[in-house]
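Data block below; observations after.
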Amino acid sequence: MTYEQALDLVKTSLTRIVPDADFTALGPTDKFRDRLELDSLDFLQFVETLAELGGCRLDEDDYPRLVTLDGSTRLVAERAA
Amino acid sequence: MAEFTMPSLGADMDEGLLQEWLVAVGDQVHKGDAIAVVETDKAAIEVECFEDGTVGRLLVEPGTRVPVGTSLAVIETGVAPAPAPAPASAPVAVAETETETGTKAEVSSAPDADGRQPPAEPAPAHRPLPVGTAPPREAVAVGPLVRHLAEQKHLDLAGIRGTGRGGRVTRRDVERATATHPRVRVTPYARRLAGELHVDLAQVRGSGELGAVRAVDVRAAARTGPTVLPAPGPPTAAAPPSPTRAPAAAAHAAVPKPEPFRTRPATASPAPVGEDRTAAMRKAIAALMARSKREIPHYYLSTTVDLDTALTWLHTHNNACPVAERLLPAAPLLKAAALAARQVPELNGFWTDGHFEPGDGVHLGVAVSLRGGGLLTPVLHGADTLGLPALMAALKDLAVRARTGRLRGSELTGATLTVTSLVEQGVETVFGVIHPPQVALVGFGAVTDRPCAVNGLLGVRPMVTATLAADHRASDGAVGARYLTTLNRLLQHPEEL
């Protein structure tokens, strides 16, 4: 999967939780949990959606990489092959 | 025959706005069916009926604000069949309407909602509120609710095959038809906002992904709507205009339409809009919390719980599960709080009429903060009996619906004990304010790695501070201490939760 495709999945997953998410104001290395005010339930839903859309497994041990748009995108791009 | 009354959806609720009927006269209803949407200061709530029967009369018009306890509808609980349909051209009997208006004047602070209709206006095919008569039938057999739904979704009813009794078009038929019908994509928040601002979504151009309508689009449409209709109808002498409370802008389609079912009459105070809603929620919270601190002599206890065992167990569990079944630390914390309440029942229940009334079962109110401020406390009923996966699923469901959509009345009432968790906010300790008439509130702070003594050595473990705020009228410190130590003990055996 290309970076752009993966980024798209990441943004889609976030949009499902925060429909009004403004990605123009969110840098690739910003911590989106803080910026979008995601709590642990929201975050779990994000991981769930992303794993489903990417068709890949995302474990709790992966959570430290699922902090920024860039980190999440790279992980999904790798994982979804 | 039974009366369906405006329910109290929390100790802080004195009145509610009937936003929408989900049933029509003649509909069969069952205990537990959601039959109306009530807007409180905090949220739109689906309220359920407590009887099996047939809807006999709808006594209050959508858009009316009434005190708790006001009769909203009559449910015929006999086995009476639905009333015979009126002839297609039958206008609503004037006498009925007047009787109805009289009834409303008695029960409602919002006077004479019928006065809003100018006499010159052509009688719409479907009156906003079929009172005491069945809706007029046309070629397609369909109830007013379903007709309204179809209208909302811009569907031609003639094109839908009814699968209900006698070929009647049911709600499901309409939903099925819309599933294959190209429709406006709208974010949930934008949809709610559109309802609040009276914006017709079909007229809004979406700027979101795939043309989805976003909240900004709805706000823009509300400001610059193609035709801004004045609030419907001239105010009558009995109903002075209330410009400040009326919806600021009502962007409707340019062509005058028969008044839709849901339009709020100008004479009724409208639901709080946007910032007003936040302000209303603030006010409700303020009133309840002030009452709590005025009446309840709180005492506070606190203990630190080592979560190493629980979190290790959770991690192992989660690694063996698909994401959808993963548990958050909140699940064992809530379950332990519920089980401890069962073991220390003195803290589970209500203070009423000068004495403690134990709760029937453990129903945990869970404080959920909302985007944009404020909070709701949906209830996990029978939380002590739920397995962790079931509890987790229920929690997710309640939190999502508290934030995006509708909760049911029963999901906001009946809590015997409330838990608040500031785990997300990164603070260590929360001393809560009890939600009257409950007698205790459990608080969890953030789970953090802290130094502590482990087997005579200094170790670093994930810890959480659990607190208890309790009503000193109902219990003493020893009881509270027993609760927290029980909670701590339970959390050391996560596999048994």
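So you can find residues: chains in the structure tokens are A, B, ... in the order shown, residues in each start at 1, and ligands are numbered from 1 in order.
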Exercise. Would you list the contacts of Glu37 of chain A as a PyMOL selection string, taking every protein, DNA or RNA residue within 12 Å and counting only C-alpha atoms, but skipping same-chain residues closer than 3 positions in sequence?
Key: (chain A and resi 14+17-18+21+31-34+40-43) or (chain B and resi 369-373+424-425)
For those residues, write N, CA, C and O atoms to a file as a PDB file, in the first residue's frame.
```
ATOM      1  N   LEU A  14     -10.294   8.501  11.279  1.00  0.00           N
ATOM      2  CA  LEU A  14     -10.461   9.592  12.239  1.00  0.00           C
ATOM      3  C   LEU A  14     -11.761  10.350  11.987  1.00  0.00           C
ATOM      4  O   LEU A  14     -12.442  10.775  12.918  1.00  0.00           O
ATOM      5  N   ILE A  17     -14.867   9.181  13.669  1.00  0.00           N
ATOM      6  CA  ILE A  17     -15.045   9.514  15.091  1.00  0.00           C
ATOM      7  C   ILE A  17     -15.288  11.007  15.268  1.00  0.00           C
ATOM      8  O   ILE A  17     -16.128  11.427  16.030  1.00  0.00           O
ATOM      9  N   VAL A  18     -14.513  11.794  14.530  1.00  0.00           N
ATOM     10  CA  VAL A  18     -14.662  13.248  14.609  1.00  0.00           C
ATOM     11  C   VAL A  18     -15.045  13.737  13.215  1.00  0.00           C
ATOM     12  O   VAL A  18     -14.188  14.074  12.414  1.00  0.00           O
ATOM     13  N   ALA A  21     -13.357  16.796  11.776  1.00  0.00           N
ATOM     14  CA  ALA A  21     -11.912  16.907  11.909  1.00  0.00           C
ATOM     15  C   ALA A  21     -11.325  17.752  10.776  1.00  0.00           C
ATOM     16  O   ALA A  21     -11.622  17.546   9.607  1.00  0.00           O
ATOM     17  N   LYS A  31       0.343  15.207  17.630  1.00  0.00           N
ATOM     18  CA  LYS A  31      -0.341  14.106  18.319  1.00  0.00           C
ATOM     19  C   LYS A  31      -1.847  14.299  18.170  1.00  0.00           C
ATOM     20  O   LYS A  31      -2.435  15.198  18.770  1.00  0.00           O
ATOM     21  N   PHE A  32      -2.458  13.446  17.356  1.00  0.00           N
ATOM     22  CA  PHE A  32      -3.865  13.726  17.054  1.00  0.00           C
ATOM     23  C   PHE A  32      -4.804  13.406  18.206  1.00  0.00           C
ATOM     24  O   PHE A  32      -5.897  13.941  18.266  1.00  0.00           O
ATOM     25  N   ARG A  33      -4.383  12.562  19.115  1.00  0.00           N
ATOM     26  CA  ARG A  33      -5.282  12.271  20.241  1.00  0.00           C
ATOM     27  C   ARG A  33      -5.551  13.536  21.052  1.00  0.00           C
ATOM     28  O   ARG A  33      -6.663  13.757  21.508  1.00  0.00           O
ATOM     29  N   ASP A  34      -4.504  14.346  21.201  1.00  0.00           N
ATOM     30  CA  ASP A  34      -4.705  15.593  21.928  1.00  0.00           C
ATOM     31  C   ASP A  34      -5.462  16.602  21.083  1.00  0.00           C
ATOM     32  O   ASP A  34      -6.403  17.232  21.537  1.00  0.00           O
ATOM     33  N   SER A  40      -9.983   7.309  25.354  1.00  0.00           N
ATOM     34  CA  SER A  40      -9.551   5.938  25.064  1.00  0.00           C
ATOM     35  C   SER A  40     -10.606   5.158  24.276  1.00  0.00           C
ATOM     36  O   SER A  40     -10.266   4.306  23.459  1.00  0.00           O
ATOM     37  N   LEU A  41     -11.874   5.484  24.511  1.00  0.00           N
ATOM     38  CA  LEU A  41     -12.925   4.817  23.735  1.00  0.00           C
ATOM     39  C   LEU A  41     -12.865   5.225  22.267  1.00  0.00           C
ATOM     40  O   LEU A  41     -12.971   4.400  21.370  1.00  0.00           O
ATOM     41  N   ASP A  42     -12.687   6.527  22.045  1.00  0.00           N
ATOM     42  CA  ASP A  42     -12.547   7.024  20.674  1.00  0.00           C
ATOM     43  C   ASP A  42     -11.348   6.373  19.996  1.00  0.00           C
ATOM     44  O   ASP A  42     -11.411   5.961  18.840  1.00  0.00           O
ATOM     45  N   PHE A  43     -10.249   6.306  20.747  1.00  0.00           N
ATOM     46  CA  PHE A  43      -9.024   5.774  20.171  1.00  0.00           C
ATOM     47  C   PHE A  43      -9.197   4.307  19.802  1.00  0.00           C
ATOM     48  O   PHE A  43      -8.765   3.864  18.737  1.00  0.00           O
TER      49      PHE A  43
ATOM     50  N   SER B 369     -17.941  12.656  29.277  1.00  0.00           N
ATOM     51  CA  SER B 369     -17.857  14.066  28.908  1.00  0.00           C
ATOM     52  C   SER B 369     -18.135  14.208  27.420  1.00  0.00           C
ATOM     53  O   SER B 369     -17.837  13.322  26.632  1.00  0.00           O
ATOM     54  N   LEU B 370     -18.727  15.324  27.053  1.00  0.00           N
ATOM     55  CA  LEU B 370     -19.129  15.538  25.663  1.00  0.00           C
ATOM     56  C   LEU B 370     -18.172  16.506  24.994  1.00  0.00           C
ATOM     57  O   LEU B 370     -17.629  17.394  25.631  1.00  0.00           O
ATOM     58  N   ARG B 371     -18.011  16.315  23.685  1.00  0.00           N
ATOM     59  CA  ARG B 371     -17.252  17.296  22.915  1.00  0.00           C
ATOM     60  C   ARG B 371     -17.982  18.621  23.036  1.00  0.00           C
ATOM     61  O   ARG B 371     -19.186  18.669  22.920  1.00  0.00           O
ATOM     62  N   GLY B 372     -17.219  19.678  23.244  1.00  0.00           N
ATOM     63  CA  GLY B 372     -17.873  20.971  23.338  1.00  0.00           C
ATOM     64  C   GLY B 372     -18.390  21.254  24.738  1.00  0.00           C
ATOM     65  O   GLY B 372     -19.104  22.205  24.954  1.00  0.00           O
ATOM     66  N   GLY B 373     -18.051  20.410  25.696  1.00  0.00           N
ATOM     67  CA  GLY B 373     -18.381  20.709  27.082  1.00  0.00           C
ATOM     68  C   GLY B 373     -19.595  19.992  27.608  1.00  0.00           C
ATOM     69  O   GLY B 373     -20.419  19.502  26.851  1.00  0.00           O
ATOM     70  N   GLU B 424      -8.536  10.081  31.449  1.00  0.00           N
ATOM     71  CA  GLU B 424      -8.071  10.707  30.203  1.00  0.00           C
ATOM     72  C   GLU B 424      -7.410  12.056  30.424  1.00  0.00           C
ATOM     73  O   GLU B 424      -6.608  12.487  29.626  1.00  0.00           O
ATOM     74  N   GLN B 425      -7.829  12.725  31.495  1.00  0.00           N
ATOM     75  CA  GLN B 425      -7.369  14.102  31.663  1.00  0.00           C
ATOM     76  C   GLN B 425      -6.008  14.184  32.333  1.00  0.00           C
ATOM     77  O   GLN B 425      -5.489  15.270  32.554  1.00  0.00           O
TER      78      GLN B 425
END
```
Counting only C-alpha atoms, give me one row per residue of chain A with an atom at most 7 Å from an atom of chain B, showing the shortest contact pair and its distance in Å to one decimal, sorted by chain then residue number, as a tab-separated table.
```
residue	atom	partner	partner_atom	distance
A:Pro19	CA	B:Thr187	CA	5.8
A:Asp20	CA	B:Arg214	CA	6.6
A:Asp39	CA	B:Glu424	CA	6.1
A:Leu41	CA	B:Lys396	CA	6.7
A:Glu48	CA	B:Val323	CA	5.4
A:Asp59	CA	B:Asn319	CA	6.4
A:Glu60	CA	B:Asn319	CA	7.0
```
Asp62 of chain A environment, 12 Å, only C-alpha atoms, sequence neighbours closer than 2 positions dropped, as a CSV table (one decimal) with N, CA, C and O atoms, in the first residue's frame:
```csv
chain,number,residue,atom,x,y,z
A,47,VAL,N,-8.7,2.6,16.1
A,47,VAL,CA,-7.8,1.4,15.9
A,47,VAL,C,-8.7,0.3,15.2
A,47,VAL,O,-8.3,-0.3,14.2
A,51,ALA,N,-7.9,-0.9,11.4
A,51,ALA,CA,-7.5,-2.3,11.2
A,51,ALA,C,-8.5,-3.0,10.2
A,51,ALA,O,-8.1,-3.7,9.3
A,56,CYS,N,-5.6,-5.3,8.3
A,56,CYS,CA,-4.4,-5.7,8.9
A,56,CYS,C,-4.6,-5.8,10.4
A,56,CYS,O,-5.6,-5.2,10.9
A,57,ARG,N,-3.7,-6.5,11.1
A,57,ARG,CA,-3.8,-6.6,12.6
A,57,ARG,C,-3.1,-5.4,13.2
A,57,ARG,O,-2.0,-5.1,12.9
A,58,LEU,N,-3.7,-4.8,14.2
A,58,LEU,CA,-3.0,-3.8,15.0
A,58,LEU,C,-3.1,-4.1,16.4
A,58,LEU,O,-4.2,-4.2,17.0
A,59,ASP,N,-2.0,-4.4,17.0
A,59,ASP,CA,-2.0,-4.8,18.4
A,59,ASP,C,-1.8,-3.7,19.4
A,59,ASP,O,-1.4,-2.6,19.0
A,60,GLU,N,-2.0,-4.0,20.7
A,60,GLU,CA,-1.8,-2.9,21.7
A,60,GLU,C,-0.3,-2.4,21.6
A,60,GLU,O,-0.1,-1.3,21.9
A,64,PRO,N,1.9,2.8,20.5
A,64,PRO,CA,2.8,3.9,20.5
A,64,PRO,C,3.1,4.5,19.1
A,64,PRO,O,3.5,5.7,19.0
A,65,ARG,N,2.9,3.7,18.1
A,65,ARG,CA,3.1,4.3,16.7
A,65,ARG,C,1.9,4.9,16.2
A,65,ARG,O,1.9,5.7,15.2
A,66,LEU,N,0.7,4.7,16.8
A,66,LEU,CA,-0.5,5.2,16.3
A,66,LEU,C,-0.8,6.5,17.1
A,66,LEU,O,-1.9,6.7,17.6
A,67,VAL,N,0.1,7.4,17.0
A,67,VAL,CA,0.0,8.7,17.8
A,67,VAL,C,-0.1,9.9,16.8
A,67,VAL,O,-0.9,10.8,17.1
A,71,GLY,N,3.0,8.5,11.8
A,71,GLY,CA,3.3,7.2,12.4
A,71,GLY,C,2.3,6.2,12.0
A,71,GLY,O,2.6,5.1,11.6
A,72,SER,N,1.0,6.6,12.1
A,72,SER,CA,-0.1,5.7,11.8
A,72,SER,C,0.0,5.3,10.3
A,72,SER,O,-0.2,4.1,10.0
A,74,ARG,N,2.6,5.2,8.2
A,74,ARG,CA,3.7,4.3,8.0
A,74,ARG,C,3.4,2.9,8.4
A,74,ARG,O,3.7,1.9,7.7
A,75,LEU,N,2.8,2.8,9.6
A,75,LEU,CA,2.5,1.5,10.1
A,75,LEU,C,1.5,0.7,9.2
A,75,LEU,O,1.7,-0.4,8.9
A,76,VAL,N,0.4,1.4,8.8
A,76,VAL,CA,-0.6,0.8,8.0
A,76,VAL,C,0.0,0.4,6.6
A,76,VAL,O,-0.3,-0.6,6.1
A,79,ARG,N,2.1,-2.7,7.2
A,79,ARG,CA,1.3,-3.8,7.6
A,79,ARG,C,0.3,-4.3,6.6
A,79,ARG,O,0.1,-5.5,6.4
B,319,ASN,N,-4.2,-9.2,23.5
B,319,ASN,CA,-3.4,-9.7,22.5
B,319,ASN,C,-4.0,-10.9,21.8
B,319,ASN,O,-3.7,-11.2,20.7
B,323,VAL,N,-9.5,-6.4,17.6
B,323,VAL,CA,-9.7,-5.1,18.2
B,323,VAL,C,-11.0,-4.9,18.8
B,323,VAL,O,-11.2,-4.3,19.8
```
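Shortest separation to Leu388 of chain B among B:His435, B:Arg205, B:His317, B:Arg408 occurs at residue B:His317, atoms counted being only C-alpha atoms.
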Practice problem: Would you list, as number ranges by chain, the residues of chain A that end up in alpha helix (DSSP H) under DSSP run on this structure's backbone? | Solution: A: 3-17, 32-35, 40-54, 69-79
Store the residues picked out above, limited to C-alpha atoms, as a PDB file, in the first residue's frame.
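Output (again.pdb):
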```pdb
ATOM      1  CA  TYR A   3       1.791   6.159   1.734  1.00  0.00           C
ATOM      2  CA  GLU A   4      -1.006   8.194   0.175  1.00  0.00           C
ATOM      3  CA  GLN A   5      -3.440   5.296   0.274  1.00  0.00           C
ATOM      4  CA  ALA A   6      -2.595   4.571   3.872  1.00  0.00           C
ATOM      5  CA  LEU A   7      -2.904   8.235   4.829  1.00  0.00           C
ATOM      6  CA  ASP A   8      -6.332   8.197   3.288  1.00  0.00           C
ATOM      7  CA  LEU A   9      -7.378   5.266   5.476  1.00  0.00           C
ATOM      8  CA  VAL A  10      -6.032   6.962   8.574  1.00  0.00           C
ATOM      9  CA  LYS A  11      -7.960  10.138   7.812  1.00  0.00           C
ATOM     10  CA  THR A  12     -11.122   8.204   7.033  1.00  0.00           C
ATOM     11  CA  SER A  13     -10.857   6.344  10.325  1.00  0.00           C
ATOM     12  CA  LEU A  14     -10.461   9.592  12.239  1.00  0.00           C
ATOM     13  CA  THR A  15     -13.312  11.240  10.364  1.00  0.00           C
ATOM     14  CA  ARG A  16     -15.639   8.457  11.493  1.00  0.00           C
ATOM     15  CA  ILE A  17     -15.045   9.514  15.091  1.00  0.00           C
ATOM     16  CA  PHE A  32      -3.865  13.726  17.054  1.00  0.00           C
ATOM     17  CA  ARG A  33      -5.282  12.271  20.241  1.00  0.00           C
ATOM     18  CA  ASP A  34      -4.705  15.593  21.928  1.00  0.00           C
ATOM     19  CA  ARG A  35      -5.591  17.757  18.963  1.00  0.00           C
ATOM     20  CA  SER A  40      -9.551   5.938  25.064  1.00  0.00           C
ATOM     21  CA  LEU A  41     -12.925   4.817  23.735  1.00  0.00           C
ATOM     22  CA  ASP A  42     -12.547   7.024  20.674  1.00  0.00           C
ATOM     23  CA  PHE A  43      -9.024   5.774  20.171  1.00  0.00           C
ATOM     24  CA  LEU A  44     -10.114   2.162  20.381  1.00  0.00           C
ATOM     25  CA  GLN A  45     -12.742   2.868  17.752  1.00  0.00           C
ATOM     26  CA  PHE A  46     -10.075   4.490  15.589  1.00  0.00           C
ATOM     27  CA  VAL A  47      -7.841   1.411  15.852  1.00  0.00           C
ATOM     28  CA  GLU A  48     -10.810  -0.832  15.137  1.00  0.00           C
ATOM     29  CA  THR A  49     -11.776   1.088  12.004  1.00  0.00           C
ATOM     30  CA  LEU A  50      -8.224   1.398  10.770  1.00  0.00           C
ATOM     31  CA  ALA A  51      -7.536  -2.334  11.197  1.00  0.00           C
ATOM     32  CA  GLU A  52     -10.744  -3.131   9.366  1.00  0.00           C
ATOM     33  CA  LEU A  53     -10.153  -0.715   6.474  1.00  0.00           C
ATOM     34  CA  GLY A  54      -6.509  -1.699   6.113  1.00  0.00           C
ATOM     35  CA  LEU A  69      -0.807  10.900  11.220  1.00  0.00           C
ATOM     36  CA  ASP A  70       2.662  10.089   9.904  1.00  0.00           C
ATOM     37  CA  GLY A  71       3.326   7.247  12.362  1.00  0.00           C
ATOM     38  CA  SER A  72      -0.072   5.659  11.780  1.00  0.00           C
ATOM     39  CA  THR A  73       0.258   5.983   8.034  1.00  0.00           C
ATOM     40  CA  ARG A  74       3.681   4.319   7.958  1.00  0.00           C
ATOM     41  CA  LEU A  75       2.482   1.481  10.142  1.00  0.00           C
ATOM     42  CA  VAL A  76      -0.579   0.790   7.997  1.00  0.00           C
ATOM     43  CA  ALA A  77       1.417   1.091   4.780  1.00  0.00           C
ATOM     44  CA  GLU A  78       3.853  -1.562   6.077  1.00  0.00           C
ATOM     45  CA  ARG A  79       1.273  -3.809   7.632  1.00  0.00           C
TER      46      ARG A  79
END
```
Using only C-alpha atoms, which residues sit within 12 Å of Ala290 of chain B once same-chain residues fewer than 5 positions away are excluded, as an mmCIF file with N, CA and C atoms, in the first residue's frame?
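Result went into out17.cif, see below:
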```cif
data_model
loop_
_atom_site.group_PDB
_atom_site.id
_atom_site.type_symbol
_atom_site.label_atom_id
_atom_site.label_comp_id
_atom_site.auth_asym_id
_atom_site.auth_seq_id
_atom_site.Cartn_x
_atom_site.Cartn_y
_atom_site.Cartn_z
ATOM 1 N N ASP B 12 -32.172 16.372 37.874
ATOM 2 C CA ASP B 12 -32.047 17.786 37.534
ATOM 3 C C ASP B 12 -33.092 18.228 36.526
ATOM 4 N N ARG B 282 -25.095 23.643 31.083
ATOM 5 C CA ARG B 282 -24.325 24.228 32.186
ATOM 6 C C ARG B 282 -25.247 24.532 33.369
ATOM 7 N N LYS B 283 -26.393 25.091 33.017
ATOM 8 C CA LYS B 283 -27.363 25.490 34.031
ATOM 9 C C LYS B 283 -27.894 24.261 34.777
ATOM 10 N N ALA B 284 -28.177 23.197 34.011
ATOM 11 C CA ALA B 284 -28.704 21.980 34.626
ATOM 12 C C ALA B 284 -27.676 21.372 35.572
ATOM 13 N N ILE B 285 -26.435 21.334 35.114
ATOM 14 C CA ILE B 285 -25.371 20.789 35.965
ATOM 15 C C ILE B 285 -25.205 21.667 37.202
ATOM 16 N N GLU B 295 -27.182 20.089 50.166
ATOM 17 C CA GLU B 295 -27.930 19.121 50.980
ATOM 18 C C GLU B 295 -27.079 17.981 51.525
ATOM 19 N N ILE B 296 -26.069 17.579 50.756
ATOM 20 C CA ILE B 296 -25.361 16.357 51.143
ATOM 21 C C ILE B 296 -24.078 16.657 51.895
ATOM 22 N N VAL B 433 -18.537 15.027 43.203
ATOM 23 C CA VAL B 433 -19.721 15.574 43.842
ATOM 24 C C VAL B 433 -20.849 14.566 43.609
ATOM 25 N N ILE B 434 -21.501 14.151 44.681
ATOM 26 C CA ILE B 434 -22.522 13.106 44.592
ATOM 27 C C ILE B 434 -23.722 13.597 43.790
ATOM 28 N N HIS B 435 -24.263 12.684 42.996
ATOM 29 C CA HIS B 435 -25.399 12.952 42.140
ATOM 30 C C HIS B 435 -26.665 12.620 42.942
ATOM 31 N N PRO B 436 -27.364 13.612 43.488
ATOM 32 C CA PRO B 436 -28.522 13.281 44.307
ATOM 33 C C PRO B 436 -29.623 12.618 43.462
#
```
Quiz item: Can you list, as a PyMOL selection string, every protein, DNA or RNA residue that comes within 10 Å of segment 457-465 of chain B when you count only C-alpha atoms, leaving out same-chain residues fewer than 3 positions away?
Solution: chain B and resi 302-311+333+423+427-430+443-454
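A straight line drawn from atom CA of Pro67 of chain B to atom CA of Thr40 of chain B is 10.9 Å long.
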Quiz item: For the atom pair atom CA of Pro437 of chain B and atom CA of Glu46 of chain B, what is the interatomic distance in Å to one decimal place?
Solution: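 If I compute the distance from atom CA of Pro437 of chain B to atom CA of Glu46 of chain B, I get 23.0 Å.
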Self-check item: Asp30 of chain A surroundings by only C-alpha atoms, 7 Å radius, close-in-sequence under 3 positions cut, as number ranges by chain
Solution: A: 26-27, 68
May I have the selected residues written with all heavy atoms, as a short mmCIF file (atom, residue, chain, number, x, y, z; two decimals), in the first residue's frame?
```cif
data_model
loop_
_atom_site.label_atom_id
_atom_site.label_comp_id
_atom_site.auth_asym_id
_atom_site.auth_seq_id
_atom_site.Cartn_x
_atom_site.Cartn_y
_atom_site.Cartn_z
N LEU A 26 -3.90 19.99 11.12
CA LEU A 26 -3.25 18.90 11.84
C LEU A 26 -2.01 18.46 11.08
O LEU A 26 -2.11 17.87 10.01
CB LEU A 26 -4.23 17.74 11.99
CG LEU A 26 -3.78 16.54 12.82
CD1 LEU A 26 -3.66 16.91 14.29
CD2 LEU A 26 -4.76 15.39 12.66
N GLY A 27 -0.84 18.76 11.65
CA GLY A 27 0.41 18.40 10.99
C GLY A 27 0.68 16.91 11.06
O GLY A 27 0.12 16.23 11.92
N THR A 68 0.58 9.78 15.72
CA THR A 68 0.55 10.88 14.76
C THR A 68 0.04 10.36 13.42
O THR A 68 0.00 9.15 13.19
CB THR A 68 1.95 11.45 14.54
OG1 THR A 68 2.77 10.40 13.97
CG2 THR A 68 2.59 11.91 15.85
#
```
Exercise. Might you pull out every residue within 9 Å of segment 5-11 of chain B, with only C-alpha atoms counted and same-chain residues fewer than 4 positions away left off, and present them as number ranges by chain?
Key: B: 15-18, 38, 40, 45, 47, 66-74, 288, 409-410, 412-414, 435-437
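Distance-wise, atom CA of Asn488 of chain B and atom CA of Ala338 of chain B end up 12.3 Å apart.
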